[in-house]
Amino acid sequence: MSWVKFDVESDGRFLASVKDLGAAPAQRILLKLRDISGSVTWTEMCKDYGWHEIPIAPTDCFPGANQLFSFVLYFSPDEVYEIIAHNYAPPEVVCVLARATRLV
């Protein structure tokens with residue numbers, strides 16, 4: 001069984017984007033990632049967190065670029081965050097960007 005592990009430090013853009021969301025959201029996001037790191041399987045990640053590939057047109061990237069994925073951290077109807085990540089070395093997920101979003 002593969003357990004998801006989050007790397008929030010390798011890509012400096014992630015921590016910067018989390019800080020831009022404010023102190024309270026940043027703390028909640030980082031704590032949630034720490035809590036689920038090593039305790040969620042890939043199956044649960046896909047099912048419970050909406051893990052999916054972000055389609056990128058070939059003209060938007062260079063050959064060999066990392067595939068990007070997205071998943072959602074839901075805290076309340078008014079507090080939902082999308083995490084952009086890549087996992088070129090599964091089961092480790094390198095977080096790239098955090099942004100506020102809405103569920104539709």
# chains A, B, ... in the order shown; residues from 1 in each chain; ligands from 1
$ residues_around --residues "stretch 47-54 of chain A" --least-positions-apart "6" --cutoff "10 Å" --atoms "only C-alpha atoms" --output "JSON list (two decimals) with N, CA and C atoms, in the first residue's frame"
[["chain", "number", "residue", "atom", "x", "y", "z"],
["A", 40, "VAL", "N", -2.77, 8.69, 4.34],
["A", 40, "VAL", "CA", -3.75, 8.57, 3.27],
["A", 40, "VAL", "C", -3.15, 7.76, 2.14],
["A", 41, "THR", "N", -3.87, 6.77, 1.66],
["A", 41, "THR", "CA", -3.38, 5.97, 0.54],
["A", 41, "THR", "C", -3.67, 6.71, -0.77],
["A", 67, "GLN", "N", 4.22, 16.78, -15.22],
["A", 67, "GLN", "CA", 2.76, 16.84, -15.26],
["A", 67, "GLN", "C", 2.29, 17.49, -13.98],
["A", 68, "LEU", "N", 1.26, 18.31, -14.07],
["A", 68, "LEU", "CA", 0.70, 18.94, -12.89],
["A", 68, "LEU", "C", -0.62, 18.29, -12.53],
["A", 69, "PHE", "N", -0.89, 18.24, -11.23],
["A", 69, "PHE", "CA", -2.10, 17.65, -10.71],
["A", 69, "PHE", "C", -2.72, 18.64, -9.73],
["A", 70, "SER", "N", -3.97, 18.39, -9.39],
["A", 70, "SER", "CA", -4.68, 19.27, -8.48],
["A", 70, "SER", "C", -5.48, 18.42, -7.50],
["A", 71, "PHE", "N", -5.62, 18.93, -6.29],
["A", 71, "PHE", "CA", -6.52, 18.32, -5.32],
["A", 71, "PHE", "C", -7.06, 19.40, -4.41],
["A", 72, "VAL", "N", -8.11, 19.08, -3.68],
["A", 72, "VAL", "CA", -8.82, 20.08, -2.89],
["A", 72, "VAL", "C", -8.71, 19.78, -1.40],
["A", 73, "LEU", "N", -8.48, 20.84, -0.64],
["A", 73, "LEU", "CA", -8.58, 20.76, 0.83],
["A", 73, "LEU", "C", -9.82, 21.56, 1.21],
["A", 74, "TYR", "N", -10.80, 20.88, 1.76],
["A", 74, "TYR", "CA", -12.08, 21.48, 2.11],
["A", 74, "TYR", "C", -12.15, 21.65, 3.62],
["A", 82, "GLU", "N", -7.41, 24.88, -3.44],
["A", 82, "GLU", "CA", -6.90, 23.96, -4.45],
["A", 82, "GLU", "C", -5.39, 23.94, -4.33],
["A", 83, "ILE", "N", -4.83, 22.76, -4.29],
["A", 83, "ILE", "CA", -3.38, 22.59, -4.22],
["A", 83, "ILE", "C", -2.93, 22.05, -5.57],
["A", 84, "ILE", "N", -1.98, 22.73, -6.18],
["A", 84, "ILE", "CA", -1.38, 22.29, -7.43],
["A", 84, "ILE", "C", -0.08, 21.58, -7.07],
["A", 85, "ALA", "N", 0.16, 20.43, -7.68],
["A", 85, "ALA", "CA", 1.32, 19.62, -7.29],
["A", 85, "ALA", "C", 1.80, 18.78, -8.46],
["A", 86, "HIS", "N", 2.96, 18.18, -8.28],
["A", 86, "HIS", "CA", 3.42, 17.15, -9.21],
["A", 86, "HIS", "C", 3.99, 16.01, -8.38]]
$ select_by_dssp --residues "stretch 2-100 of chain A" --states "strand (DSSP E or B)" --output "ChimeraX atom specification"
/A:3,5-7,41,52-53,69-76,79-89,92-100
$ write_last_selection --atoms "N, CA and C atoms" --output "CSV table (one decimal), in the first residue's frame"
chain,number,residue,atom,x,y,z
A,3,TRP,N,1.5,5.2,0.6
A,3,TRP,CA,1.0,6.3,1.4
A,3,TRP,C,1.5,7.6,0.8
A,5,LYS,N,2.9,11.2,0.6
A,5,LYS,CA,3.7,12.0,1.4
A,5,LYS,C,3.9,13.4,0.7
A,6,PHE,N,3.7,14.5,1.5
A,6,PHE,CA,3.7,15.8,0.9
A,6,PHE,C,5.1,16.5,1.2
A,7,ASP,N,5.6,17.1,0.2
A,7,ASP,CA,6.8,17.9,0.2
A,7,ASP,C,6.4,19.3,0.0
A,41,THR,N,-3.9,6.8,1.7
A,41,THR,CA,-3.4,6.0,0.5
A,41,THR,C,-3.7,6.7,-0.8
A,52,HIS,N,-6.5,14.9,-9.5
A,52,HIS,CA,-6.7,14.8,-11.0
A,52,HIS,C,-5.6,15.5,-11.7
A,53,GLU,N,-5.4,15.1,-12.9
A,53,GLU,CA,-4.4,15.7,-13.8
A,53,GLU,C,-4.9,17.1,-14.3
A,69,PHE,N,-0.9,18.2,-11.2
A,69,PHE,CA,-2.1,17.7,-10.7
A,69,PHE,C,-2.7,18.6,-9.7
A,70,SER,N,-4.0,18.4,-9.4
A,70,SER,CA,-4.7,19.3,-8.5
A,70,SER,C,-5.5,18.4,-7.5
A,71,PHE,N,-5.6,18.9,-6.3
A,71,PHE,CA,-6.5,18.3,-5.3
A,71,PHE,C,-7.1,19.4,-4.4
A,72,VAL,N,-8.1,19.1,-3.7
A,72,VAL,CA,-8.8,20.1,-2.9
A,72,VAL,C,-8.7,19.8,-1.4
A,73,LEU,N,-8.5,20.8,-0.6
A,73,LEU,CA,-8.6,20.8,0.8
A,73,LEU,C,-9.8,21.6,1.2
A,74,TYR,N,-10.8,20.9,1.8
A,74,TYR,CA,-12.1,21.5,2.1
A,74,TYR,C,-12.1,21.6,3.6
A,75,PHE,N,-12.4,22.9,4.1
A,75,PHE,CA,-12.5,23.2,5.5
A,75,PHE,C,-13.9,23.6,5.8
A,76,SER,N,-14.6,24.3,4.9
A,76,SER,CA,-16.0,24.7,5.1
A,76,SER,C,-16.4,25.2,3.7
A,79,GLU,N,-14.4,28.1,2.8
A,79,GLU,CA,-12.9,27.9,2.9
A,79,GLU,C,-12.5,26.6,2.2
A,80,VAL,N,-12.2,26.8,0.9
A,80,VAL,CA,-11.8,25.6,0.1
A,80,VAL,C,-10.5,26.1,-0.6
A,81,TYR,N,-9.5,25.2,-0.7
A,81,TYR,CA,-8.3,25.5,-1.3
A,81,TYR,C,-7.9,24.4,-2.3
A,82,GLU,N,-7.4,24.9,-3.4
A,82,GLU,CA,-6.9,24.0,-4.5
A,82,GLU,C,-5.4,23.9,-4.3
A,83,ILE,N,-4.8,22.8,-4.3
A,83,ILE,CA,-3.4,22.6,-4.2
A,83,ILE,C,-2.9,22.0,-5.6
A,84,ILE,N,-2.0,22.7,-6.2
A,84,ILE,CA,-1.4,22.3,-7.4
A,84,ILE,C,-0.1,21.6,-7.1
A,85,ALA,N,0.2,20.4,-7.7
A,85,ALA,CA,1.3,19.6,-7.3
A,85,ALA,C,1.8,18.8,-8.5
A,86,HIS,N,3.0,18.2,-8.3
A,86,HIS,CA,3.4,17.1,-9.2
A,86,HIS,C,4.0,16.0,-8.4
A,87,ASN,N,4.0,14.8,-9.0
A,87,ASN,CA,4.6,13.7,-8.2
A,87,ASN,C,5.5,12.9,-9.2
A,88,TYR,N,6.6,13.5,-9.6
A,88,TYR,CA,7.5,12.8,-10.4
A,88,TYR,C,8.2,11.6,-9.7
A,89,ALA,N,8.1,11.6,-8.4
A,89,ALA,CA,8.8,10.5,-7.7
A,89,ALA,C,7.8,9.9,-6.7
A,92,GLU,N,5.8,10.5,-3.3
A,92,GLU,CA,5.9,11.8,-2.8
A,92,GLU,C,5.3,12.9,-3.7
A,93,VAL,N,4.5,13.7,-3.1
A,93,VAL,CA,3.8,14.8,-3.8
A,93,VAL,C,4.5,16.1,-3.5
A,94,VAL,N,5.0,16.8,-4.5
A,94,VAL,CA,5.7,18.1,-4.3
A,94,VAL,C,4.6,19.1,-4.6
A,95,CYS,N,4.3,19.9,-3.6
A,95,CYS,CA,3.3,20.9,-3.7
A,95,CYS,C,3.9,22.2,-4.3
A,96,VAL,N,3.2,22.7,-5.3
A,96,VAL,CA,3.7,23.8,-6.1
A,96,VAL,C,3.0,25.1,-5.8
A,97,LEU,N,1.7,25.1,-5.6
A,97,LEU,CA,0.9,26.3,-5.4
A,97,LEU,C,-0.4,26.0,-4.6
A,98,ALA,N,-0.8,27.0,-3.8
A,98,ALA,CA,-2.1,26.9,-3.1
A,98,ALA,C,-2.9,28.1,-3.5
A,99,ARG,N,-4.2,27.9,-3.7
A,99,ARG,CA,-5.0,29.0,-4.0
A,99,ARG,C,-6.4,28.8,-3.5
A,100,ALA,N,-7.1,29.8,-3.1
A,100,ALA,CA,-8.5,29.7,-2.7
A,100,ALA,C,-9.4,29.4,-3.9
